[in-house]
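Source file: coords.cif. Holds: mmCIF, C-alpha atoms.
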data_start
loop_
_atom_site.label_atom_id
_atom_site.label_comp_id
_atom_site.auth_asym_id
_atom_site.auth_seq_id
_atom_site.Cartn_x
_atom_site.Cartn_y
_atom_site.Cartn_z
CA MET A 874 164.19 114.24 135.35
CA SER A 875 160.55 114.57 136.42
CA ARG A 876 159.02 117.64 138.05
CA ASP A 877 156.29 117.79 140.71
CA PHE A 878 153.20 119.95 140.23
CA ILE A 879 150.03 120.94 142.07
CA LEU A 880 146.99 120.32 139.88
CA ILE A 881 144.23 122.91 140.24
CA THR A 882 140.92 122.49 138.40
CA GLY A 883 138.63 125.44 137.74
CA ALA A 884 141.74 127.61 137.52
CA ALA A 885 140.42 130.10 134.98
CA SER A 886 138.41 132.26 137.38
CA GLY A 887 137.08 132.85 140.87
CA ILE A 888 138.37 130.77 143.76
CA GLY A 889 140.42 128.48 141.53
CA GLN A 890 142.24 131.41 139.97
CA LYS A 891 143.05 132.98 143.34
CA ILE A 892 144.35 129.64 144.65
CA ALA A 893 146.60 129.37 141.60
CA VAL A 894 147.99 132.89 141.96
CA HIS A 895 148.55 132.37 145.67
CA LEU A 896 150.35 129.03 145.31
CA SER A 897 152.42 130.07 142.28
CA ARG A 898 154.88 131.89 144.53
CA ASP A 899 156.26 128.59 145.86
CA HIS A 900 155.01 125.78 143.61
CA ARG A 901 154.82 124.59 140.03
CA LEU A 902 151.20 124.42 138.92
CA LEU A 903 149.20 122.40 136.42
CA LEU A 904 146.20 124.61 135.71
CA CYS A 905 143.05 122.95 134.37
CA ASP A 906 139.98 124.56 132.85
CA LYS A 907 138.00 124.41 129.62
CA ASN A 908 138.36 128.18 129.18
CA ARG A 909 141.68 128.78 127.39
CA ASP A 910 141.47 132.56 127.61
CA GLY A 911 140.78 132.31 131.32
CA LEU A 912 143.74 129.97 131.80
CA ASN A 913 146.01 132.41 129.98
CA SER A 914 144.75 135.23 132.20
CA THR A 915 145.50 133.18 135.31
CA LEU A 916 148.94 132.33 134.00
CA GLU A 917 149.72 136.01 133.49
CA LEU A 918 148.82 136.68 137.12
CA CYS A 919 150.97 133.85 138.47
CA SER A 920 154.53 134.22 139.71
CA GLY A 921 157.17 132.43 137.66
CA ASN A 922 154.65 131.66 134.94
CA ALA A 923 157.17 129.89 132.73
CA ALA A 924 157.28 127.04 135.26
CA HIS A 925 153.56 126.27 135.07
CA LEU A 926 151.57 124.05 132.70
CA LEU A 927 148.12 124.51 131.19
CA TRP A 928 145.67 121.63 130.76
CA GLU A 929 142.79 122.87 128.63
CA PHE A 930 140.08 120.29 129.21
CA ASP A 931 136.31 120.10 129.70
CA LEU A 932 135.82 118.05 132.87
CA SER A 933 132.31 117.06 131.81
CA ASN A 934 134.06 114.62 129.44
CA VAL A 935 134.81 112.24 132.30
CA ALA A 936 135.52 109.27 130.02
CA GLU A 937 138.45 111.13 128.42
CA ILE A 938 140.13 112.31 131.62
CA ARG A 939 142.52 109.41 132.16
CA VAL A 940 143.94 109.45 128.64
CA SER A 941 144.26 113.24 128.67
CA ILE A 942 146.00 113.57 132.03
CA GLU A 943 148.33 110.67 131.29
CA LYS A 944 149.39 112.34 128.05
CA ILE A 945 150.09 115.75 129.55
CA LEU A 946 152.11 114.26 132.42
CA LYS A 947 154.17 112.00 130.18
CA ASP A 948 154.76 114.66 127.53
CA SER A 949 156.02 117.11 130.16
CA TYR A 950 157.92 114.54 132.28
CA SER A 951 155.83 115.65 135.25
CA HIS A 952 154.06 114.22 138.29
CA VAL A 953 151.25 115.59 140.47
CA GLU A 954 152.08 115.88 144.17
CA ALA A 955 148.83 117.61 145.20
CA PHE A 956 145.37 117.97 143.71
CA VAL A 957 142.98 120.86 144.42
CA HIS A 958 139.53 120.35 142.90
CA SER A 959 138.01 123.81 142.59
CA ALA A 960 136.00 123.24 139.40
CA GLY A 961 132.26 123.32 139.80
CA ILE A 962 129.02 124.37 138.18
CA MET A 963 125.77 125.39 139.80
CA LYS A 964 122.27 125.31 138.35
CA VAL A 965 119.48 126.67 140.51
CA MET A 966 116.24 124.80 139.82
CA ARG A 967 113.37 123.21 141.65
CA MET A 968 113.50 119.43 141.88
CA LYS A 969 110.39 119.04 139.75
CA ASP A 970 112.23 120.82 136.92
CA ALA A 971 115.40 118.71 137.21
CA ASP A 972 116.11 115.78 134.92
CA TYR A 973 118.79 113.16 134.37
CA GLN A 974 120.68 115.25 131.83
CA ASN A 975 120.96 118.22 134.18
CA ALA A 976 121.95 115.97 137.04
CA MET A 977 124.70 114.23 135.08
CA GLN A 978 126.18 117.48 133.80
CA ILE A 979 126.53 118.86 137.34
CA PHE A 980 127.73 115.55 138.81
CA ASN A 981 130.28 115.01 136.04
CA VAL A 982 132.02 118.34 136.65
CA ASN A 983 131.59 118.62 140.40
CA PHE A 984 132.10 115.01 141.47
CA PHE A 985 132.87 112.32 138.88
CA SER A 986 135.72 114.28 137.29
CA ALA A 987 137.44 114.56 140.68
CA ALA A 988 137.03 110.84 141.33
CA GLU A 989 138.43 109.99 137.90
CA ILE A 990 141.40 112.35 138.27
CA ILE A 991 142.28 110.81 141.64
CA SER A 992 141.92 107.28 140.32
CA SER A 993 144.27 108.22 137.47
CA LEU A 994 146.83 109.90 139.71
CA LEU A 995 146.96 106.83 141.95
CA LYS A 996 148.11 104.68 139.01
CA LYS A 997 151.83 104.08 139.38
CA ASN A 998 152.39 104.04 135.62
CA ILE A 999 150.80 107.51 135.35
CA ASN A 1000 151.98 109.36 138.47
CA GLN A 1001 154.66 107.20 140.11
CA ASN A 1002 153.13 107.33 143.61
CA SER A 1003 153.75 111.08 143.76
CA LEU A 1004 150.34 112.15 145.10
CA LYS A 1005 150.54 113.35 148.73
CA ASN A 1006 147.63 115.74 149.24
CA ILE A 1007 144.04 116.15 147.99
CA ILE A 1008 141.78 119.12 148.71
CA PHE A 1009 138.17 119.43 147.55
CA ILE A 1010 136.58 122.87 147.36
CA SER A 1011 133.15 121.83 148.56
CA ALA A 1012 130.46 124.15 149.99
CA ILE A 1013 128.37 124.64 153.12
CA LEU A 1014 125.43 123.64 150.90
CA GLY A 1015 126.76 120.10 151.12
CA LYS A 1016 125.76 120.12 154.80
CA PHE A 1017 122.77 122.47 154.85
CA GLY A 1018 119.74 122.70 152.60
CA ALA A 1019 118.64 125.53 150.33
CA ARG A 1020 115.74 125.84 147.92
CA GLY A 1021 116.68 125.22 144.31
CA HIS A 1022 120.11 123.78 145.11
CA ASN A 1023 119.14 120.10 145.27
CA LEU A 1024 121.54 118.82 142.61
CA TYR A 1025 124.42 121.14 143.50
CA SER A 1026 124.16 120.30 147.20
CA SER A 1027 124.10 116.60 146.35
CA THR A 1028 127.36 116.85 144.41
CA LYS A 1029 129.09 118.59 147.31
CA ALA A 1030 127.80 116.03 149.80
CA ALA A 1031 129.11 113.31 147.49
CA LEU A 1032 132.52 114.99 147.36
CA ASP A 1033 132.68 115.14 151.15
CA GLY A 1034 131.70 111.49 151.44
CA LEU A 1035 134.44 110.54 148.98
CA MET A 1036 136.90 112.67 150.94
CA LYS A 1037 136.25 110.84 154.20
CA SER A 1038 136.67 107.38 152.70
CA LEU A 1039 139.78 108.38 150.75
CA ALA A 1040 141.32 109.87 153.89
CA VAL A 1041 141.12 106.44 155.52
CA GLU A 1042 142.02 104.41 152.42
CA LEU A 1043 145.05 106.48 151.40
CA ALA A 1044 146.56 107.24 154.83
CA PRO A 1045 149.31 107.74 155.76
CA ALA A 1046 150.70 108.42 152.28
CA VAL A 1047 148.03 110.93 151.22
CA ARG A 1048 146.07 113.47 153.26
CA VAL A 1049 142.57 114.32 152.05
CA ASN A 1050 140.34 117.19 153.21
CA SER A 1051 137.41 119.34 152.09
CA ILE A 1052 137.03 123.09 152.37
CA LEU A 1053 133.42 124.25 152.73
CA PRO A 1054 133.15 127.97 151.89
CA GLY A 1055 130.14 130.13 152.53
CA GLY A 1056 129.43 133.19 150.40
CA VAL A 1057 132.62 134.41 148.73
CA ARG A 1058 133.09 137.53 146.64
CA THR A 1059 133.65 136.27 143.08
CA PRO A 1060 132.81 137.77 139.66
CA MET A 1061 129.51 135.88 139.78
CA ALA A 1062 128.74 137.15 143.28
CA GLU A 1063 129.56 140.74 142.34
CA TYR A 1064 126.56 140.77 140.01
CA ALA A 1065 124.26 139.67 142.83
CA LEU A 1066 125.74 142.33 145.12
CA THR A 1067 124.22 145.05 142.97
CA ASP A 1068 120.90 144.09 144.60
CA PRO A 1069 120.46 146.07 147.86
CA ASP A 1070 118.20 143.36 149.31
CA ILE A 1071 120.92 140.74 148.86
CA VAL A 1072 123.52 143.02 150.45
CA GLU A 1073 121.25 143.57 153.46
CA LYS A 1074 120.62 139.82 153.78
CA ILE A 1075 124.39 139.16 153.82
CA LYS A 1076 124.84 141.72 156.57
CA GLN A 1077 122.24 139.89 158.65
CA ASP A 1078 123.46 136.35 157.95
CA TYR A 1079 127.25 136.69 157.96
CA PRO A 1080 128.74 137.98 161.25
CA LEU A 1081 132.09 138.63 159.53
CA GLY A 1082 130.62 139.68 156.20
CA LEU A 1083 131.18 138.14 152.79
CA GLY A 1084 134.40 136.19 152.27
CA GLU A 1085 137.18 136.87 149.77
CA THR A 1086 138.79 134.33 147.44
CA SER A 1087 142.06 134.97 149.27
CA ASP A 1088 140.49 133.55 152.45
CA ILE A 1089 140.05 130.22 150.69
CA ALA A 1090 143.51 130.35 149.09
CA ASN A 1091 145.12 130.90 152.49
CA LEU A 1092 143.39 127.81 153.88
CA VAL A 1093 144.45 125.74 150.87
CA GLU A 1094 148.05 126.83 151.43
CA PHE A 1095 147.82 125.76 155.07
CA LEU A 1096 146.37 122.34 154.21
CA LEU A 1097 149.12 121.74 151.67
CA SER A 1098 151.83 122.58 154.19
CA GLU A 1099 153.43 120.49 156.91
CA LYS A 1100 151.71 122.75 159.45
CA SER A 1101 148.59 120.65 158.83
CA ARG A 1102 150.42 117.30 158.89
CA TRP A 1103 147.93 115.81 161.40
CA ILE A 1104 144.76 116.88 159.60
CA THR A 1105 142.95 114.51 157.26
CA GLY A 1106 139.36 113.46 156.62
CA GLN A 1107 137.94 116.83 157.67
CA GLN A 1108 135.19 119.08 156.36
CA ILE A 1109 136.58 122.51 157.22
CA ILE A 1110 133.92 125.22 157.19
CA ILE A 1111 135.07 128.75 156.35
CA ASP A 1112 132.01 130.98 156.17
CA GLY A 1113 132.44 134.10 158.30
CA GLY A 1114 130.18 132.60 160.96
CA ARG A 1115 127.21 132.02 158.64
CA THR A 1116 126.40 128.50 159.84
CA ALA A 1117 126.87 129.53 163.47
CA ASN A 1118 124.36 132.37 163.20
CA MET A 1119 120.89 131.44 164.44
CA SER A 1120 119.86 135.06 165.02
CA GLN A 1121 116.49 136.23 163.79
CA LYS A 1122 116.57 139.82 162.59
#
Since I need it in another form, could you write the structure as structure tokens?
Amino acid sequence: MSRDFILITGAASGIGQKIAVHLSRDHRLLLCDKNRDGLNSTLELCSGNAAHLLWEFDLSNVAEIRVSIEKILKDSYSHVEAFVHSAGIMKVMRMKDADYQNAMQIFNVNFFSAAEIISSLLKKNINQNSLKNIIFISAILGKFGARGHNLYSSTKAALDGLMKSLAVELAPAVRVNSILPGGVRTPMAEYALTDPDIVEKIKQDYPLGLGETSDIANLVEFLLSEKSRWITGQQIIIDGGRTANMSQK
């Protein structure tokens, strides 16, 4: 007898880890990351951890995704009912310093891996038409510019474009949405918050202050539930009012 899981990429830390812990109370999870120690840490934090599966995989190896995910699903007699793509890497660099290799590394993890996972999960022989919900963790930088974030912003814009087309193509069987967070308090952000100038800038730019990973997890839970049954094809901004703030201080 097969079992249904929610697949979460980038589950070893940050937003992905919080989503996993949050959803583990009511769902079986397939947790994906290249960091085995991080995956084990997430698993320890999850409720009912014996029910969950770990998929240790480097998403930059896009060509190997289909074979790998097919194997883990068949070996565990499992199907994926929902997919949350939280994996992502960011490299801050000026465009004149960017090159094809840098671009492909960021695009492979942030965008192409998601596309390949979805293509795989839509194969009847792999997932038996079990997929019902897709959520991309995008970013407000996919809609608004920022110096040094050219490649990262491009990957998020690509994700959101894919989301909109998939929402039309896969309806009504599958709902597809993007979540666009602003600044969220993660281990990486905590380092930046030791700088008083950055803290002051956040106070000026974010009417509700910096977000927490739990804010994103709560929205994911809502989008996976029947309470959002009439929502698809949407870029949902959750940023404490950052993109609404045109104040000059």
Dump as JSON lines the rows for residues of stretch 975-1068 of chain A within 12 Å of stretch 887-910 of chain A: closest atom pair and distance in Å with one decimal, all atoms listed in the file counted, ordered by chain and rising residue number.
{"residue": "A:Val982", "atom": "CA", "partner": "A:Asp906", "partner_atom": "CA", "distance": 10.8}
{"residue": "A:Ser986", "atom": "CA", "partner": "A:Cys905", "partner_atom": "CA", "distance": 11.7}
{"residue": "A:Ala987", "atom": "CA", "partner": "A:Cys905", "partner_atom": "CA", "distance": 11.9}
{"residue": "A:Ile990", "atom": "CA", "partner": "A:Cys905", "partner_atom": "CA", "distance": 11.4}
{"residue": "A:Ile1008", "atom": "CA", "partner": "A:Ile892", "partner_atom": "CA", "distance": 11.6}
{"residue": "A:Phe1009", "atom": "CA", "partner": "A:Gly889", "partner_atom": "CA", "distance": 11.1}
{"residue": "A:Ile1010", "atom": "CA", "partner": "A:Ile888", "partner_atom": "CA", "distance": 8.9}
{"residue": "A:Ser1011", "atom": "CA", "partner": "A:Ile888", "partner_atom": "CA", "distance": 11.4}
{"residue": "A:Ile1052", "atom": "CA", "partner": "A:Ile888", "partner_atom": "CA", "distance": 11.6}
{"residue": "A:Pro1054", "atom": "CA", "partner": "A:Ile888", "partner_atom": "CA", "distance": 10.1}
{"residue": "A:Gly1056", "atom": "CA", "partner": "A:Ile888", "partner_atom": "CA", "distance": 11.4}
{"residue": "A:Val1057", "atom": "CA", "partner": "A:Ile888", "partner_atom": "CA", "distance": 8.4}
{"residue": "A:Arg1058", "atom": "CA", "partner": "A:Gly887", "partner_atom": "CA", "distance": 8.4}
{"residue": "A:Thr1059", "atom": "CA", "partner": "A:Gly887", "partner_atom": "CA", "distance": 5.3}
{"residue": "A:Pro1060", "atom": "CA", "partner": "A:Gly887", "partner_atom": "CA", "distance": 6.6}
{"residue": "A:Met1061", "atom": "CA", "partner": "A:Gly887", "partner_atom": "CA", "distance": 8.2}
{"residue": "A:Ala1062", "atom": "CA", "partner": "A:Gly887", "partner_atom": "CA", "distance": 9.7}
{"residue": "A:Glu1063", "atom": "CA", "partner": "A:Gly887", "partner_atom": "CA", "distance": 11.0}
For this session: List the residues selected by the PyMOL selection byres ((chain A and resi 932) around 10) in the file shown, writing them as a VMD selection string.
Result: chain A and resid 882 to 883 905 to 907 929 to 931 933 to 938 960 to 961 978 981 to 987 989 to 990
Once 5 Å is added on each side, what are the centre and the three edge lengths, in Å to one decimal, of the axis-aligned box enclosing the listed atoms of stretch 937-950 of chain A? Present them as JSON.
{"center_x": 148.2, "center_y": 113.3, "center_z": 130.0, "size_x": 29.5, "size_y": 17.7, "size_z": 14.9}
Problem set entry | Selection: 10 Å around A:Ser1026, only C-alpha atoms, excl. self and same-chain fewer than 2 positions, as a list in words | Met963, Ser1011, Ala1012, Ile1013, Leu1014, Gly1015, Lys1016, Phe1017, Gly1018, Ala1019, Gly1021, His1022, Asn1023, Leu1024, Thr1028, Lys1029, Ala1030, Ala1031 and Leu1032 of chain A
Problem set entry | Close residues, stretch 953-956 of chain A itself excluded, 6 Å, all atoms listed in the file, min 2 positions apart in chain, as an MDAnalysis selection string | chainID A and resid 877:880 1003:1007
Exercise. From the list A:Ser951, A:Lys1074, A:Asn1118, A:Ser1027, which residue is nearest A:Met977 when using only C-alpha atoms?
Worked result: A:Ser1027
Exercise. For A:Arg876, which residue out of A:Ile1110, A:Leu1092, A:Ala924, A:Cys919 is the nearest one, using only C-alpha atoms?
Worked result: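 Looking only at the distances to A:Arg876, the closest residue turns out to be A:Ala924.
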For this session: Name the residues that the PyMOL selection byres ((chain A and resi 1077-1080) around 7) picks from the file above, as a list in words, using the file's chain letters and numbers.
Result: Glu1073, Lys1074, Ile1075, Lys1076, Leu1081, Gly1082, Leu1083, Gly1113, Gly1114, Arg1115, Asn1118 and Lys1122 of chain A
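Each of A:Ser1051, A:Gln974, A:Asn922, A:Ser949 was compared to A:Ile1089 using only C-alpha atoms, and A:Ser1051 turns out to be the nearest.
Here atom CA of A:Val1049 stands at a distance of 11.4 Å from atom CA of A:His958.
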For this session: Quick one: pull the distance between atom CA of A:Asn1002 and atom CA of A:Ala884, Å, one decimal.
Result: 24.0 Å
For this session: Would you mind reading off the distance between atom CA of A:Arg1048 and atom CA of A:Ala988, one decimal, in Å?
Result: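 Result for atom CA of A:Arg1048 versus atom CA of A:Ala988: 15.2 Å, one decimal.
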Exercise. What do you get, as a ChimeraX atom specification, if you spell out every residue that the PyMOL selection byres ((chain A and resi 947) around 12) selects here?
Worked result: /A:874-876,940-946,948-953,998-1001
Exercise. Which residue gives the smallest distance to A:Val957 among A:Gln1108, A:Asn975, A:Asn1050, A:Ser1098, with all atoms listed in the file counted?
Worked result: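 Looking at the shortest contact to A:Val957, the residue is A:Asn1050.
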Problem set entry | Closest of A:Pro1045, A:Ala1117, A:Ser920, A:Gly1055 to A:Arg1102 - atom-to-atom distances counting only C-alpha atoms |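 The shortest atom-to-atom distance to A:Arg1102 comes from A:Pro1045.
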Generate N, CA and C atoms for stretch 1045-1079 of chain A and emit them as a PDB file, in the frame of the given file.
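Final output, out.pdb:
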ATOM      1  N   PRO A1045     148.792 106.410 155.420  1.00  0.00           N
ATOM      2  CA  PRO A1045     149.310 107.740 155.760  1.00  0.00           C
ATOM      3  C   PRO A1045     149.969 108.465 154.596  1.00  0.00           C
ATOM      4  N   ALA A1046     149.953 107.847 153.406  1.00  0.00           N
ATOM      5  CA  ALA A1046     150.700 108.420 152.280  1.00  0.00           C
ATOM      6  C   ALA A1046     150.067 109.710 151.753  1.00  0.00           C
ATOM      7  N   VAL A1047     148.731 109.785 151.799  1.00  0.00           N
ATOM      8  CA  VAL A1047     148.030 110.930 151.220  1.00  0.00           C
ATOM      9  C   VAL A1047     147.045 111.497 152.240  1.00  0.00           C
ATOM     10  N   ARG A1048     147.071 112.795 152.423  1.00  0.00           N
ATOM     11  CA  ARG A1048     146.070 113.470 153.260  1.00  0.00           C
ATOM     12  C   ARG A1048     144.970 114.019 152.367  1.00  0.00           C
ATOM     13  N   VAL A1049     143.720 113.920 152.848  1.00  0.00           N
ATOM     14  CA  VAL A1049     142.570 114.320 152.050  1.00  0.00           C
ATOM     15  C   VAL A1049     141.615 115.133 152.914  1.00  0.00           C
ATOM     16  N   ASN A1050     141.253 116.332 152.455  1.00  0.00           N
ATOM     17  CA  ASN A1050     140.340 117.190 153.210  1.00  0.00           C
ATOM     18  C   ASN A1050     139.422 117.967 152.264  1.00  0.00           C
ATOM     19  N   SER A1051     138.330 118.470 152.825  1.00  0.00           N
ATOM     20  CA  SER A1051     137.410 119.340 152.090  1.00  0.00           C
ATOM     21  C   SER A1051     137.354 120.712 152.741  1.00  0.00           C
ATOM     22  N   ILE A1052     137.283 121.731 151.911  1.00  0.00           N
ATOM     23  CA  ILE A1052     137.030 123.090 152.370  1.00  0.00           C
ATOM     24  C   ILE A1052     135.611 123.461 151.977  1.00  0.00           C
ATOM     25  N   LEU A1053     134.822 123.932 152.961  1.00  0.00           N
ATOM     26  CA  LEU A1053     133.420 124.250 152.730  1.00  0.00           C
ATOM     27  C   LEU A1053     133.209 125.765 152.875  1.00  0.00           C
ATOM     28  N   PRO A1054     133.344 126.525 151.787  1.00  0.00           N
ATOM     29  CA  PRO A1054     133.150 127.970 151.890  1.00  0.00           C
ATOM     30  C   PRO A1054     131.667 128.341 151.979  1.00  0.00           C
ATOM     31  N   GLY A1055     131.439 129.479 152.623  1.00  0.00           N
ATOM     32  CA  GLY A1055     130.140 130.130 152.530  1.00  0.00           C
ATOM     33  C   GLY A1055     130.174 131.092 151.352  1.00  0.00           C
ATOM     34  N   GLY A1056     129.471 132.216 151.479  1.00  0.00           N
ATOM     35  CA  GLY A1056     129.430 133.190 150.400  1.00  0.00           C
ATOM     36  C   GLY A1056     130.769 133.893 150.229  1.00  0.00           C
ATOM     37  N   VAL A1057     131.327 133.818 149.032  1.00  0.00           N
ATOM     38  CA  VAL A1057     132.620 134.410 148.730  1.00  0.00           C
ATOM     39  C   VAL A1057     132.460 135.396 147.578  1.00  0.00           C
ATOM     40  N   ARG A1058     133.172 136.499 147.667  1.00  0.00           N
ATOM     41  CA  ARG A1058     133.090 137.530 146.640  1.00  0.00           C
ATOM     42  C   ARG A1058     133.854 137.074 145.387  1.00  0.00           C
ATOM     43  N   THR A1059     133.111 136.681 144.377  1.00  0.00           N
ATOM     44  CA  THR A1059     133.650 136.270 143.080  1.00  0.00           C
ATOM     45  C   THR A1059     132.992 137.106 141.993  1.00  0.00           C
ATOM     46  N   PRO A1060     133.472 137.024 140.742  1.00  0.00           N
ATOM     47  CA  PRO A1060     132.810 137.770 139.660  1.00  0.00           C
ATOM     48  C   PRO A1060     131.308 137.483 139.578  1.00  0.00           C
ATOM     49  N   MET A1061     130.926 136.224 139.810  1.00  0.00           N
ATOM     50  CA  MET A1061     129.510 135.880 139.780  1.00  0.00           C
ATOM     51  C   MET A1061     128.756 136.535 140.940  1.00  0.00           C
ATOM     52  N   ALA A1062     129.380 136.548 142.107  1.00  0.00           N
ATOM     53  CA  ALA A1062     128.740 137.150 143.280  1.00  0.00           C
ATOM     54  C   ALA A1062     128.628 138.659 143.148  1.00  0.00           C
ATOM     55  N   GLU A1063     129.584 139.293 142.479  1.00  0.00           N
ATOM     56  CA  GLU A1063     129.560 140.740 142.340  1.00  0.00           C
ATOM     57  C   GLU A1063     128.288 141.214 141.643  1.00  0.00           C
ATOM     58  N   TYR A1064     127.807 140.414 140.691  1.00  0.00           N
ATOM     59  CA  TYR A1064     126.560 140.770 140.010  1.00  0.00           C
ATOM     60  C   TYR A1064     125.405 140.775 140.991  1.00  0.00           C
ATOM     61  N   ALA A1065     125.352 139.760 141.850  1.00  0.00           N
ATOM     62  CA  ALA A1065     124.260 139.670 142.830  1.00  0.00           C
ATOM     63  C   ALA A1065     124.343 140.813 143.837  1.00  0.00           C
ATOM     64  N   LEU A1066     125.559 141.297 144.102  1.00  0.00           N
ATOM     65  CA  LEU A1066     125.740 142.330 145.120  1.00  0.00           C
ATOM     66  C   LEU A1066     125.276 143.708 144.655  1.00  0.00           C
ATOM     67  N   THR A1067     124.824 143.802 143.417  1.00  0.00           N
ATOM     68  CA  THR A1067     124.220 145.050 142.970  1.00  0.00           C
ATOM     69  C   THR A1067     122.781 145.185 143.471  1.00  0.00           C
ATOM     70  N   ASP A1068     122.254 144.100 144.049  1.00  0.00           N
ATOM     71  CA  ASP A1068     120.900 144.090 144.600  1.00  0.00           C
ATOM     72  C   ASP A1068     120.966 144.480 146.077  1.00  0.00           C
ATOM     73  N   PRO A1069     120.399 145.619 146.468  1.00  0.00           N
ATOM     74  CA  PRO A1069     120.460 146.070 147.860  1.00  0.00           C
ATOM     75  C   PRO A1069     119.854 145.074 148.844  1.00  0.00           C
ATOM     76  N   ASP A1070     118.822 144.345 148.421  1.00  0.00           N
ATOM     77  CA  ASP A1070     118.200 143.360 149.310  1.00  0.00           C
ATOM     78  C   ASP A1070     119.167 142.224 149.641  1.00  0.00           C
ATOM     79  N   ILE A1071     119.954 141.803 148.644  1.00  0.00           N
ATOM     80  CA  ILE A1071     120.920 140.740 148.860  1.00  0.00           C
ATOM     81  C   ILE A1071     122.031 141.221 149.794  1.00  0.00           C
ATOM     82  N   VAL A1072     122.475 142.440 149.592  1.00  0.00           N
ATOM     83  CA  VAL A1072     123.520 143.020 150.450  1.00  0.00           C
ATOM     84  C   VAL A1072     123.041 143.079 151.897  1.00  0.00           C
ATOM     85  N   GLU A1073     121.807 143.483 152.106  1.00  0.00           N
ATOM     86  CA  GLU A1073     121.250 143.570 153.460  1.00  0.00           C
ATOM     87  C   GLU A1073     121.136 142.186 154.081  1.00  0.00           C
ATOM     88  N   LYS A1074     120.736 141.192 153.281  1.00  0.00           N
ATOM     89  CA  LYS A1074     120.620 139.820 153.780  1.00  0.00           C
ATOM     90  C   LYS A1074     121.988 139.283 154.217  1.00  0.00           C
ATOM     91  N   ILE A1075     123.029 139.598 153.462  1.00  0.00           N
ATOM     92  CA  ILE A1075     124.390 139.160 153.820  1.00  0.00           C
ATOM     93  C   ILE A1075     124.807 139.782 155.140  1.00  0.00           C
ATOM     94  N   LYS A1076     124.500 141.041 155.324  1.00  0.00           N
ATOM     95  CA  LYS A1076     124.840 141.720 156.570  1.00  0.00           C
ATOM     96  C   LYS A1076     124.170 141.051 157.770  1.00  0.00           C
ATOM     97  N   GLN A1077     122.962 140.554 157.575  1.00  0.00           N
ATOM     98  CA  GLN A1077     122.240 139.890 158.650  1.00  0.00           C
ATOM     99  C   GLN A1077     122.760 138.479 158.904  1.00  0.00           C
ATOM    100  N   ASP A1078     123.125 137.769 157.832  1.00  0.00           N
ATOM    101  CA  ASP A1078     123.460 136.350 157.950  1.00  0.00           C
ATOM    102  C   ASP A1078     124.917 136.068 158.255  1.00  0.00           C
ATOM    103  N   TYR A1079     125.815 136.950 157.831  1.00  0.00           N
ATOM    104  CA  TYR A1079     127.250 136.690 157.960  1.00  0.00           C
ATOM    105  C   TYR A1079     127.866 137.624 159.004  1.00  0.00           C
TER     106      TYR A1079
END
